[in-house]
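S.K.: Got a file for you: protein15.txt, compact mmCIF, C-alpha atoms and all ligand atoms.
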# COMPACT_ATOMS: atom_id res chain seq x y z
CA MET A 1 -15.05 -11.97 6.36
CA LYS A 2 -11.40 -11.33 7.19
CA THR A 3 -10.32 -10.61 10.77
CA ALA A 4 -7.60 -8.09 11.63
CA LEU A 5 -5.96 -7.70 15.03
CA ILE A 6 -4.51 -4.23 15.64
CA THR A 7 -2.17 -3.45 18.52
CA GLY A 8 -2.19 0.29 19.18
CA ILE A 9 -5.82 0.62 18.06
CA SER A 10 -6.38 3.65 20.32
CA GLY A 11 -3.54 5.57 18.63
CA GLN A 12 -3.63 7.81 15.57
CA ASP A 13 -2.86 5.07 13.03
CA GLY A 14 -5.01 2.49 14.82
CA ALA A 15 -8.04 4.74 14.34
CA TYR A 16 -7.46 5.41 10.64
CA LEU A 17 -6.54 1.78 9.96
CA SER A 18 -9.73 0.63 11.70
CA GLN A 19 -11.72 2.98 9.50
CA LEU A 20 -10.06 1.62 6.36
CA LEU A 21 -10.49 -2.05 7.31
CA LEU A 22 -14.10 -1.68 8.50
CA GLY A 23 -14.86 -0.01 5.16
CA LYS A 24 -13.47 -3.11 3.46
CA GLY A 25 -15.73 -5.39 5.50
CA TYR A 26 -13.16 -6.66 8.01
CA ARG A 27 -13.89 -7.71 11.55
CA VAL A 28 -11.53 -5.46 13.53
CA VAL A 29 -10.23 -6.49 16.95
CA GLY A 30 -7.99 -4.14 18.91
CA LEU A 31 -5.62 -4.94 21.74
CA ALA A 32 -6.46 -2.58 24.60
CA ARG A 33 -4.54 -1.92 27.81
CA ARG A 34 -6.41 -1.59 31.05
CA THR A 35 -6.62 2.01 32.25
CA SER A 36 -8.15 3.52 35.36
CA THR A 37 -10.82 5.27 33.29
CA ALA A 38 -13.79 3.64 31.63
CA ASP A 39 -12.83 5.21 28.30
CA ARG A 40 -11.53 2.01 26.71
CA ALA A 41 -11.83 2.87 23.03
CA GLY A 42 -10.40 6.36 23.42
CA GLU A 43 -11.12 9.68 21.81
CA ARG A 44 -9.68 8.90 18.39
CA LEU A 45 -12.04 6.02 17.53
CA ARG A 46 -14.85 8.19 18.86
CA TRP A 47 -13.75 11.14 16.68
CA LEU A 48 -14.15 8.86 13.65
CA GLY A 49 -17.43 7.40 15.00
CA LEU A 50 -16.03 3.87 15.18
CA GLU A 51 -16.11 3.12 18.90
CA HIS A 52 -19.01 0.66 18.55
CA ASP A 53 -17.71 -0.99 15.37
CA VAL A 54 -14.47 -2.44 16.71
CA GLU A 55 -14.02 -5.19 19.30
CA LEU A 56 -11.52 -4.66 22.10
CA ALA A 57 -9.51 -7.47 23.68
CA ASP A 58 -7.55 -7.07 26.92
CA GLY A 59 -3.81 -7.25 26.50
CA ASP A 60 -0.45 -5.56 26.66
CA LEU A 61 2.56 -5.92 24.36
CA THR A 62 4.80 -6.59 27.36
CA ASP A 63 2.63 -9.52 28.51
CA LEU A 64 3.26 -12.51 26.25
CA SER A 65 0.51 -14.57 27.88
CA SER A 66 -2.11 -11.93 27.04
CA LEU A 67 -0.95 -11.88 23.41
CA ILE A 68 -1.17 -15.67 23.15
CA ARG A 69 -4.66 -15.60 24.66
CA VAL A 70 -5.94 -12.86 22.32
CA LEU A 71 -4.37 -14.38 19.20
CA ALA A 72 -5.71 -17.86 20.01
CA LYS A 73 -9.21 -16.48 20.54
CA THR A 74 -9.19 -14.18 17.50
CA SER A 75 -7.35 -16.27 14.86
CA PRO A 76 -6.67 -13.17 12.77
CA ASP A 77 -5.87 -13.19 9.06
CA GLU A 78 -3.75 -10.07 9.52
CA VAL A 79 -1.95 -8.64 12.56
CA TYR A 80 -0.90 -4.99 12.52
CA ASN A 81 1.63 -4.23 15.26
CA LEU A 82 1.17 -0.48 15.76
CA GLY A 83 1.48 -0.43 19.57
CA ALA A 84 4.49 1.47 20.89
CA GLN A 85 5.81 4.13 23.23
CA SER A 86 6.03 6.30 20.14
CA PHE A 87 7.29 9.68 21.38
CA VAL A 88 11.02 10.11 20.66
CA ALA A 89 11.62 12.83 23.28
CA LEU A 90 10.15 10.68 26.06
CA SER A 91 12.34 7.75 25.08
CA TRP A 92 15.31 9.41 26.83
CA GLN A 93 13.25 9.69 30.03
CA GLN A 94 11.89 6.14 29.83
CA PRO A 95 14.40 4.20 27.72
CA ILE A 96 13.80 0.83 29.33
CA LEU A 97 10.03 1.01 28.99
CA THR A 98 10.49 2.13 25.40
CA GLY A 99 12.77 -0.85 24.78
CA GLU A 100 10.27 -3.22 26.33
CA VAL A 101 7.17 -1.95 24.52
CA THR A 102 8.49 -0.60 21.22
CA GLY A 103 11.23 -3.21 20.83
CA MET A 104 10.45 -6.37 22.80
CA GLY A 105 6.73 -5.95 22.10
CA ALA A 106 7.42 -7.03 18.51
CA PHE A 107 9.43 -10.04 19.73
CA ASN A 108 6.52 -11.00 21.98
CA ILE A 109 3.82 -10.83 19.34
CA LEU A 110 5.92 -12.61 16.72
CA GLU A 111 6.75 -15.31 19.23
CA ALA A 112 3.07 -15.68 20.15
CA ILE A 113 2.19 -16.14 16.46
CA ARG A 114 5.00 -18.70 16.10
CA LEU A 115 4.05 -20.69 19.21
CA LEU A 116 0.42 -20.89 18.08
CA GLU A 117 1.51 -21.83 14.52
CA LEU A 118 -0.89 -19.24 13.11
CA LYS A 119 -0.89 -18.58 9.37
CA THR A 120 -1.58 -14.87 9.91
CA LYS A 121 0.17 -12.12 7.97
CA PHE A 122 2.13 -9.68 10.16
CA TYR A 123 2.79 -5.96 9.76
CA GLN A 124 5.45 -4.15 11.80
CA ALA A 125 5.25 -0.37 12.21
CA SER A 126 8.87 0.54 11.51
CA SER A 127 10.00 4.15 11.42
CA SER A 128 12.12 6.60 9.44
CA GLU A 129 13.71 7.45 12.81
CA MET A 130 15.80 4.30 12.22
CA PHE A 131 17.70 6.29 9.54
CA GLY A 132 18.57 8.90 12.19
CA MET A 133 21.87 10.43 11.14
CA VAL A 134 21.05 9.88 7.52
CA GLN A 135 23.51 8.02 5.30
CA ALA A 136 21.93 9.14 1.99
CA PRO A 137 20.19 12.34 0.87
CA ALA A 138 16.93 10.43 0.21
CA GLN A 139 16.38 7.28 2.25
CA ASN A 140 15.05 4.05 0.75
CA GLU A 141 14.95 0.35 1.70
CA THR A 142 18.70 -0.08 1.05
CA THR A 143 19.90 2.95 3.05
CA PRO A 144 21.94 1.95 6.15
CA PHE A 145 20.37 2.73 9.52
CA TYR A 146 21.89 5.01 12.19
CA PRO A 147 19.41 5.37 15.08
CA ARG A 148 19.68 8.51 17.26
CA SER A 149 17.35 7.82 20.21
CA PRO A 150 16.30 4.96 22.47
CA TYR A 151 13.04 4.93 20.48
CA ALA A 152 14.88 4.46 17.20
CA VAL A 153 17.12 1.75 18.66
CA ALA A 154 14.04 -0.12 19.91
CA LYS A 155 12.32 0.26 16.52
CA LEU A 156 15.42 -1.11 14.81
CA ALA A 157 15.35 -4.24 16.99
CA ALA A 158 11.66 -4.71 16.15
CA HIS A 159 12.41 -4.18 12.46
CA TRP A 160 15.18 -6.78 12.35
CA ILE A 161 13.25 -9.40 14.31
CA THR A 162 10.47 -9.00 11.72
CA VAL A 163 12.99 -9.60 8.91
CA ASN A 164 14.50 -12.48 10.88
CA TYR A 165 11.18 -14.28 11.51
CA ARG A 166 10.34 -13.88 7.83
CA GLU A 167 13.65 -15.47 6.85
CA SER A 168 13.76 -18.07 9.64
CA PHE A 169 10.17 -19.31 9.65
CA SER A 170 8.83 -18.23 6.22
CA MET A 171 6.33 -15.95 7.95
CA HIS A 172 4.45 -13.39 5.88
CA ALA A 173 6.03 -10.63 7.98
CA SER A 174 6.36 -7.16 6.43
CA SER A 175 7.81 -3.96 7.72
CA GLY A 176 6.57 -0.53 6.69
CA ILE A 177 9.30 2.08 7.18
CA LEU A 178 6.92 4.98 7.52
CA PHE A 179 8.10 8.57 7.55
CA ASN A 180 6.32 11.01 9.88
CA HIS A 181 2.60 11.10 9.31
CA GLU A 182 0.18 13.42 10.99
CA SER A 183 -3.52 14.26 11.15
CA PRO A 184 -6.04 15.90 13.48
CA LEU A 185 -5.67 12.70 15.55
CA ARG A 186 -1.89 13.08 16.05
CA GLY A 187 -0.79 13.13 19.70
CA ILE A 188 -0.62 16.71 20.97
CA GLU A 189 3.05 16.37 22.04
CA PHE A 190 4.26 15.88 18.43
CA VAL A 191 5.45 19.05 16.79
CA THR A 192 2.84 19.42 14.00
CA ARG A 193 -0.12 18.98 16.34
CA LYS A 194 1.55 21.11 19.00
CA ILE A 195 1.81 23.85 16.38
CA THR A 196 -1.75 23.54 15.02
CA ASN A 197 -3.16 23.45 18.55
CA GLY A 198 -0.99 26.47 19.39
CA VAL A 199 -2.24 28.32 16.31
CA ALA A 200 -5.86 27.63 17.31
CA ARG A 201 -5.27 28.78 20.90
CA ILE A 202 -3.58 32.00 19.76
CA LYS A 203 -6.32 32.63 17.18
CA LEU A 204 -8.98 32.27 19.88
CA GLY A 205 -7.09 34.54 22.27
CA LEU A 206 -6.31 31.76 24.76
CA ASN A 207 -2.52 32.20 24.42
CA GLU A 208 -0.14 34.72 22.95
CA TYR A 209 2.94 32.52 22.45
CA LEU A 210 3.93 28.97 21.53
CA GLU A 211 7.21 27.52 22.83
CA LEU A 212 9.14 25.19 20.53
CA GLY A 213 12.64 23.71 20.28
CA ASN A 214 14.76 23.20 17.15
CA LEU A 215 13.01 24.92 14.23
CA ASP A 216 15.70 23.89 11.74
CA ALA A 217 15.02 20.15 11.80
CA ALA A 218 13.25 18.93 8.67
CA ARG A 219 10.75 16.11 8.25
CA ASP A 220 8.99 14.38 5.37
CA TRP A 221 5.39 14.68 6.56
CA GLY A 222 2.41 12.84 5.09
CA HIS A 223 -1.20 12.24 6.17
CA ALA A 224 -1.93 9.19 8.36
CA ARG A 225 -5.09 8.42 6.36
CA ASP A 226 -2.95 7.93 3.24
CA TYR A 227 -0.26 5.94 5.06
CA VAL A 228 -2.54 3.26 6.55
CA LYS A 229 -3.50 2.35 2.96
CA ALA A 230 0.13 1.41 2.34
CA MET A 231 0.05 -0.86 5.43
CA TRP A 232 -2.99 -2.70 4.08
CA LEU A 233 -1.50 -2.99 0.58
CA MET A 234 1.64 -4.64 2.01
CA MET A 235 -0.57 -7.31 3.58
CA GLN A 236 -2.31 -8.03 0.26
CA GLN A 237 0.94 -8.96 -1.51
CA ASP A 238 1.75 -12.61 -2.24
CA LEU A 239 5.22 -12.08 -0.79
CA PRO A 240 6.20 -10.13 2.34
CA GLY A 241 8.75 -7.29 2.19
CA ASP A 242 9.96 -3.98 3.53
CA TYR A 243 8.70 -0.70 2.13
CA VAL A 244 9.55 2.96 2.66
CA VAL A 245 6.39 5.10 2.79
CA ALA A 246 6.99 8.83 2.34
CA THR A 247 6.08 11.87 0.25
CA GLY A 248 9.60 12.76 -0.90
CA ARG A 249 9.17 16.37 0.28
CA SER A 250 11.15 17.54 3.30
CA VAL A 251 10.12 20.70 5.16
CA THR A 252 11.58 22.39 8.25
CA ILE A 253 9.62 22.97 11.45
CA ARG A 254 9.98 26.68 10.70
CA GLU A 255 8.28 26.26 7.31
CA PHE A 256 5.50 24.18 8.89
CA CYS A 257 4.96 26.99 11.41
CA ASP A 258 4.74 29.47 8.56
CA ILE A 259 2.13 27.36 6.72
CA ALA A 260 0.01 26.66 9.82
CA PHE A 261 0.03 30.20 11.23
CA ARG A 262 -0.75 31.68 7.81
CA HIS A 263 -3.87 29.50 7.55
CA ALA A 264 -5.18 31.43 10.57
CA GLY A 265 -4.06 34.82 9.22
CA LEU A 266 -1.15 34.98 11.70
CA ASP A 267 2.62 35.47 11.37
CA TYR A 268 4.55 32.78 13.29
CA ARG A 269 7.43 35.22 13.94
CA ASP A 270 5.14 37.19 16.26
CA HIS A 271 4.15 34.15 18.32
CA VAL A 272 6.83 31.41 18.36
CA ARG A 273 9.43 31.44 21.14
CA ILE A 274 12.38 29.09 21.44
CA ASN A 275 12.66 27.11 24.66
CA PRO A 276 15.87 25.05 24.95
CA ALA A 277 13.96 22.52 27.09
CA PHE A 278 12.50 21.17 23.84
CA PHE A 279 15.90 20.49 22.25
CA ARG A 280 16.90 16.80 22.23
CA PRO A 281 20.12 15.14 23.47
CA ALA A 282 20.67 13.89 19.88
CA GLU A 283 18.75 15.25 16.91
CA VAL A 284 17.59 13.77 13.62
CA ASP A 285 18.28 16.79 11.44
CA CYS A 286 16.64 15.95 8.15
CA LEU A 287 14.51 13.11 6.81
CA LYS A 288 13.40 12.69 3.21
CA GLY A 289 12.03 9.41 1.94
CA ASP A 290 12.24 7.74 -1.45
CA ALA A 291 9.05 5.64 -1.78
CA THR A 292 9.71 4.42 -5.33
CA LYS A 293 9.32 0.76 -4.31
CA ALA A 294 5.92 1.39 -2.68
CA ARG A 295 4.78 3.23 -5.80
CA ASP A 296 6.01 0.54 -8.22
CA LYS A 297 5.07 -2.61 -6.26
CA LEU A 298 2.04 -1.50 -4.24
CA GLY A 299 0.72 1.22 -6.55
CA TRP A 300 0.76 3.51 -3.50
CA LEU A 301 1.00 7.30 -3.74
CA PRO A 302 0.31 9.98 -1.13
CA GLU A 303 -2.93 11.86 -1.82
CA THR A 304 -2.86 14.76 0.65
CA THR A 305 -0.50 17.73 0.41
CA LEU A 306 1.20 19.20 3.45
CA GLU A 307 -0.78 22.41 3.04
CA GLU A 308 -4.11 20.52 2.93
CA MET A 309 -3.12 18.51 6.01
CA ALA A 310 -2.02 21.59 7.99
CA LEU A 311 -5.32 23.30 7.16
CA GLU A 312 -7.33 20.23 8.26
CA MET A 313 -5.38 20.10 11.53
CA VAL A 314 -5.78 23.82 12.31
CA GLU A 315 -9.51 23.64 11.56
CA ALA A 316 -9.94 20.55 13.76
CA ASP A 317 -8.13 22.20 16.66
CA LEU A 318 -10.24 25.35 16.32
CA GLN A 319 -13.37 23.18 16.36
CA ARG A 320 -12.18 21.22 19.43
CA LEU A 321 -11.40 24.39 21.40
CA LYS A 322 -14.69 26.08 20.48
CA HIS A 323 -16.61 22.98 21.64
CA ALA A 324 -14.62 22.89 24.90
CA ALA A 325 -15.37 26.57 25.62
P1 LIG A 401 0.36 6.58 18.94
O1 LIG A 401 1.34 7.02 19.96
O2 LIG A 401 -0.77 7.49 18.56
O3 LIG A 401 -0.31 5.20 19.42
C1 LIG A 401 0.44 4.24 20.10
C2 LIG A 401 -0.48 3.09 20.49
O4 LIG A 401 0.30 2.11 21.19
C3 LIG A 401 -1.63 3.49 21.42
O5 LIG A 401 -2.80 2.82 21.02
C4 LIG A 401 -1.15 2.96 22.76
O6 LIG A 401 -2.20 2.61 23.64
C5 LIG A 401 -0.44 1.70 22.33
N1 LIG A 401 0.45 1.16 23.36
C6 LIG A 401 1.37 1.82 24.08
N2 LIG A 401 1.96 0.99 24.97
C7 LIG A 401 1.38 -0.22 24.79
C8 LIG A 401 1.54 -1.49 25.43
N3 LIG A 401 2.42 -1.67 26.41
N4 LIG A 401 0.78 -2.53 25.00
C9 LIG A 401 -0.13 -2.34 24.00
N5 LIG A 401 -0.33 -1.17 23.38
C10 LIG A 401 0.41 -0.13 23.76
O7 LIG A 401 1.19 6.16 17.63
P2 LIG A 401 0.81 6.34 16.07
O8 LIG A 401 -0.55 5.85 15.85
O9 LIG A 401 1.21 7.69 15.63
O10 LIG A 401 1.86 5.34 15.40
C11 LIG A 401 1.53 3.95 15.22
C12 LIG A 401 2.84 3.15 15.17
O11 LIG A 401 3.63 3.59 14.07
C13 LIG A 401 3.72 3.30 16.40
O12 LIG A 401 4.37 2.06 16.60
C14 LIG A 401 4.72 4.36 16.00
O13 LIG A 401 5.92 4.24 16.73
C15 LIG A 401 4.91 4.01 14.53
N6 LIG A 401 5.30 5.09 13.66
C16 LIG A 401 4.60 6.27 13.68
C17 LIG A 401 4.94 7.29 12.85
C18 LIG A 401 4.16 8.57 12.83
O14 LIG A 401 4.65 9.53 12.24
N7 LIG A 401 2.98 8.62 13.41
C19 LIG A 401 6.10 7.17 11.93
C20 LIG A 401 6.70 5.86 11.92
C21 LIG A 401 6.32 4.88 12.78
P3 LIG A 401 -2.73 3.63 24.80
O15 LIG A 401 -3.82 4.46 24.15
O16 LIG A 401 -3.25 2.68 25.83
O17 LIG A 401 -1.56 4.45 25.25
P1 LIG A 402 9.71 12.73 15.62
O1 LIG A 402 10.29 12.97 14.27
O2 LIG A 402 9.05 11.38 15.73
O3 LIG A 402 10.63 12.98 16.74
O4 LIG A 402 8.45 13.73 15.72
P2 LIG A 402 8.22 15.09 16.54
O5 LIG A 402 7.02 15.73 15.93
O6 LIG A 402 8.17 14.82 18.02
O7 LIG A 402 9.53 15.96 16.27
C1 LIG A 402 9.87 16.35 14.95
C2 LIG A 402 11.01 17.37 15.02
O8 LIG A 402 10.50 18.58 15.57
C3 LIG A 402 12.22 16.96 15.87
O9 LIG A 402 13.39 17.25 15.13
C4 LIG A 402 12.12 17.89 17.08
O10 LIG A 402 13.39 18.24 17.64
C5 LIG A 402 11.48 19.11 16.44
N1 LIG A 402 10.83 20.00 17.42
C6 LIG A 402 11.07 21.33 17.60
N2 LIG A 402 10.33 21.81 18.60
C7 LIG A 402 9.59 20.78 19.08
C8 LIG A 402 8.64 20.69 20.13
O11 LIG A 402 8.32 21.64 20.82
N3 LIG A 402 8.05 19.47 20.31
C9 LIG A 402 8.37 18.38 19.53
N4 LIG A 402 7.75 17.21 19.73
N5 LIG A 402 9.31 18.44 18.56
C10 LIG A 402 9.90 19.63 18.34
Would you mind writing the file's structure down as structure tokens?
M.R.:
Amino acid sequence: MKTALITGISGQDGAYLSQLLLGKGYRVVGLARRTSTADRAGERLRWLGLEHDVELADGDLTDLSSLIRVLAKTSPDEVYNLGAQSFVALSWQQPILTGEVTGMGAFNILEAIRLLELKTKFYQASSSEMFGMVQAPAQNETTPFYPRSPYAVAKLAAHWITVNYRESFSMHASSGILFNHESPLRGIEFVTRKITNGVARIKLGLNEYLELGNLDAARDWGHARDYVKAMWLMMQQDLPGDYVVATGRSVTIREFCDIAFRHAGLDYRDHVRINPAFFRPAEVDCLKGDATKARDKLGWLPETTLEEMALEMVEADLQRLKHAA
């Protein structure tokens, strides 16, 4: 039986990756931060019915000693570093924390693996935000980076230290440059989930309006359930590498609003209001990934369309709100 250690197990991707790995017979151990509530596993693992199937180990990406302790005790075959302060907008409010968790966190876990001389494979959750002010119409593994937020700068440091440890110490360290991926388990502050939750609230008569920022930005959105498969595939390769994971379709926030509101029989133009508070100091205008390498080398392809995903998200938010009522 293989053992996987996942940092960020309580997040969106941690939940779907746990589901995938448990289905493949892995022992799954998750790094969990102490919180003041007893809810250690979190709502996402519970939503997928996995809260009793994973093991949780106390630790924090900013605490090297905790990482050494957990790695030494677990001896994982694969480490997936998904833990991060992952919200771009917040990274301007808490840039130093973002640097320490999202950036230095990767240094810490790589260094812990190196100090313990573990033979584990390592996955780093890199991000399309690293392309920022894009230098090519469709971004692939050779496109130069131009980060536009403290989050993206931190992710870039984590990305390059992964490449560097691979080259310096022959570690099986891979980096997945994942474009935005969403699901019913996406954090409610991210724009897709904010929209689908808003649609559900308006549909149920709980609100009349939804306030958003820049509707003209465009993203290449896929489904998290599809994207965690690419993470696992990278770890099954004989050689480590970097891979862009994307759908190749770029859609504006406005178009996503249109799709999501229409699923509920609503017109977004009647309900969406612009609030400048949601504009960012520096914007990433348009992302569109070219995942040819992932298709050719990993045999990976996205399976869920944007329309299917938006429908699943709206339905899940309606269900959540009806249960809460
Ligand atoms: P989430 O924000 O849903 O989850 C982040 C996870 O990191 C949570 O489990 C959180 O734990 C954990 N975490 C935060 N701070 C620490 C810390 N100091 N020590 C240990 N763990 C910590 O992110 P996603 O699941 O959406 O994304 C997974 C990874 O992929 C992230 O690194 C993200 O930046 C990256 N990524 C995501 C993309 C996307 O579109 N979703 C695109 C590209 C990259 P807690 O519950 O305790 O807060
Ligand atoms: P990001 O790509 O990781 O920053 O993911 P987000 O979902 O947070 O943001 C995607 C895009 O939506 C960005 O270009 C935001 O400027 C834009 N956007 C517009 N309105 C909002 C909003 O109200 N909330 C968020 N989170 N993003 C918004």
S.K.: Nearest to Ser65 in chain A: which of A:Val88, A:Leu233, A:Ile113, A:Leu185 is it, counting all atoms listed in the file?
M.R.: A:Ile113
S.K.: Here is a test: counting only C-alpha atoms, which residue of A:Ser66, A:Ser36, A:His323, A:Tyr80 is nearest to Thr7 in chain A?
M.R.: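 Selected residue with least distance to Thr7 in chain A: A:Tyr80.
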S.K.: Using all atoms listed in the file and a cutoff of 6 Å, can you tell me which residues are near (1.3, -15.3, 20.5) in the file's coordinates, and write them out as a list in words?
M.R.: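 Residues found, by chain and rising number: Leu67, Ile68, Leu71, Ile109, Glu111, Ala112 and Ile113 of chain A.
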S.K.: Measure the distance from CA of Gly11 in chain A to CA of Ser91 in chain A in Å and round it to one decimal.
M.R.: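 CA of Ser91 in chain A lies at a distance of 17.3 Å from CA of Gly11 in chain A.
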S.K.: What does the structure give for the distance between CA of Gln237 in chain A and atom P2 of ligand LIG 401 (chain A), in Å to one decimal?
M.R.: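 Value for the CA of Gln237 in chain A-atom P2 of ligand LIG 401 (chain A) distance: 23.3 Å.
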S.K.: How many Å lie between CA of Gly222 in chain A and CA of Glu208 in chain A, rounded to one decimal?
M.R.: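 Answer for the CA of Gly222 in chain A to CA of Glu208 in chain A separation: 28.4 Å.
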S.K.: Which residues are near Asp58 in chain A? Cut-off 10 Å, only C-alpha atoms, ignore same chain within fewer than 4 positions. Put them as a PyMOL selection string.
M.R.: chain A and resi 30-34+40+66-67+69-70
S.K.: Counting all atoms listed in the file, name the residues that have an atom within 9 Å of an atom of ligand LIG 402 (chain A); the answer should be given as an mmCIF file with C-alpha atoms, in the coordinates of the input.
M.R.:
data_model
loop_
_atom_site.group_PDB
_atom_site.id
_atom_site.type_symbol
_atom_site.label_atom_id
_atom_site.label_comp_id
_atom_site.auth_asym_id
_atom_site.auth_seq_id
_atom_site.Cartn_x
_atom_site.Cartn_y
_atom_site.Cartn_z
ATOM 1 C CA SER A 86 6.030 6.300 20.140
ATOM 2 C CA PHE A 87 7.290 9.680 21.380
ATOM 3 C CA VAL A 88 11.020 10.110 20.660
ATOM 4 C CA ALA A 89 11.620 12.830 23.280
ATOM 5 C CA SER A 127 10.000 4.150 11.420
ATOM 6 C CA SER A 128 12.120 6.600 9.440
ATOM 7 C CA GLU A 129 13.710 7.450 12.810
ATOM 8 C CA TYR A 151 13.040 4.930 20.480
ATOM 9 C CA PHE A 179 8.100 8.570 7.550
ATOM 10 C CA ASN A 180 6.320 11.010 9.880
ATOM 11 C CA GLU A 182 0.180 13.420 10.990
ATOM 12 C CA ILE A 188 -0.620 16.710 20.970
ATOM 13 C CA GLU A 189 3.050 16.370 22.040
ATOM 14 C CA PHE A 190 4.260 15.880 18.430
ATOM 15 C CA VAL A 191 5.450 19.050 16.790
ATOM 16 C CA THR A 192 2.840 19.420 14.000
ATOM 17 C CA ARG A 193 -0.120 18.980 16.340
ATOM 18 C CA LYS A 194 1.550 21.110 19.000
ATOM 19 C CA ILE A 195 1.810 23.850 16.380
ATOM 20 C CA LEU A 210 3.930 28.970 21.530
ATOM 21 C CA GLU A 211 7.210 27.520 22.830
ATOM 22 C CA LEU A 212 9.140 25.190 20.530
ATOM 23 C CA GLY A 213 12.640 23.710 20.280
ATOM 24 C CA ASN A 214 14.760 23.200 17.150
ATOM 25 C CA LEU A 215 13.010 24.920 14.230
ATOM 26 C CA ASP A 216 15.700 23.890 11.740
ATOM 27 C CA ALA A 217 15.020 20.150 11.800
ATOM 28 C CA ALA A 218 13.250 18.930 8.670
ATOM 29 C CA ARG A 219 10.750 16.110 8.250
ATOM 30 C CA THR A 252 11.580 22.390 8.250
ATOM 31 C CA ILE A 253 9.620 22.970 11.450
ATOM 32 C CA ARG A 254 9.980 26.680 10.700
ATOM 33 C CA ILE A 274 12.380 29.090 21.440
ATOM 34 C CA ASN A 275 12.660 27.110 24.660
ATOM 35 C CA ALA A 277 13.960 22.520 27.090
ATOM 36 C CA PHE A 278 12.500 21.170 23.840
ATOM 37 C CA PHE A 279 15.900 20.490 22.250
ATOM 38 C CA ARG A 280 16.900 16.800 22.230
ATOM 39 C CA ALA A 282 20.670 13.890 19.880
ATOM 40 C CA GLU A 283 18.750 15.250 16.910
ATOM 41 C CA VAL A 284 17.590 13.770 13.620
ATOM 42 C CA ASP A 285 18.280 16.790 11.440
ATOM 43 C CA CYS A 286 16.640 15.950 8.150
ATOM 44 C CA LEU A 287 14.510 13.110 6.810
#
S.K.: Taking (9.5, 0.5, 7.5) in the coordinates of the supplied file, I want to know which residues reach to within 9 Å of it, counting only C-alpha atoms; could you give the answer as a PDB file with C-alpha atoms, in the coordinates of the input?
M.R.:
ATOM      1  CA  GLN A 124       5.450  -4.150  11.800  1.00  0.00           C
ATOM      2  CA  ALA A 125       5.250  -0.370  12.210  1.00  0.00           C
ATOM      3  CA  SER A 126       8.870   0.540  11.510  1.00  0.00           C
ATOM      4  CA  SER A 127      10.000   4.150  11.420  1.00  0.00           C
ATOM      5  CA  SER A 128      12.120   6.600   9.440  1.00  0.00           C
ATOM      6  CA  MET A 130      15.800   4.300  12.220  1.00  0.00           C
ATOM      7  CA  GLU A 141      14.950   0.350   1.700  1.00  0.00           C
ATOM      8  CA  HIS A 159      12.410  -4.180  12.460  1.00  0.00           C
ATOM      9  CA  SER A 174       6.360  -7.160   6.430  1.00  0.00           C
ATOM     10  CA  SER A 175       7.810  -3.960   7.720  1.00  0.00           C
ATOM     11  CA  GLY A 176       6.570  -0.530   6.690  1.00  0.00           C
ATOM     12  CA  ILE A 177       9.300   2.080   7.180  1.00  0.00           C
ATOM     13  CA  LEU A 178       6.920   4.980   7.520  1.00  0.00           C
ATOM     14  CA  PHE A 179       8.100   8.570   7.550  1.00  0.00           C
ATOM     15  CA  ASP A 242       9.960  -3.980   3.530  1.00  0.00           C
ATOM     16  CA  TYR A 243       8.700  -0.700   2.130  1.00  0.00           C
ATOM     17  CA  VAL A 244       9.550   2.960   2.660  1.00  0.00           C
ATOM     18  CA  VAL A 245       6.390   5.100   2.790  1.00  0.00           C
TER      19      VAL A 245
END
S.K.: Please supply range 39-45 of chain A, rebuilt with N, CA, C and O atoms, as a tab-separated table (two decimals), in the frame of the given file.
M.R.:
chain	number	residue	atom	x	y	z
A	39	ASP	N	-12.91	4.86	29.71
A	39	ASP	CA	-12.83	5.21	28.30
A	39	ASP	C	-11.90	4.24	27.58
A	39	ASP	O	-10.75	4.56	27.30
A	40	ARG	N	-12.38	3.06	27.25
A	40	ARG	CA	-11.53	2.01	26.71
A	40	ARG	C	-11.15	2.27	25.25
A	40	ARG	O	-10.02	2.06	24.86
A	41	ALA	N	-12.11	2.70	24.46
A	41	ALA	CA	-11.83	2.87	23.03
A	41	ALA	C	-10.97	4.11	22.78
A	41	ALA	O	-10.12	4.12	21.90
A	42	GLY	N	-11.20	5.15	23.59
A	42	GLY	CA	-10.40	6.36	23.42
A	42	GLY	C	-11.02	7.36	22.47
A	42	GLY	O	-11.92	7.02	21.69
A	43	GLU	N	-10.49	8.57	22.53
A	43	GLU	CA	-11.12	9.68	21.81
A	43	GLU	C	-10.96	9.58	20.30
A	43	GLU	O	-11.77	10.12	19.55
A	44	ARG	N	-9.92	8.91	19.84
A	44	ARG	CA	-9.68	8.90	18.39
A	44	ARG	C	-10.72	8.05	17.66
A	44	ARG	O	-11.25	8.46	16.62
A	45	LEU	N	-11.00	6.85	18.17
A	45	LEU	CA	-12.04	6.02	17.53
A	45	LEU	C	-13.38	6.73	17.61
A	45	LEU	O	-14.19	6.67	16.69
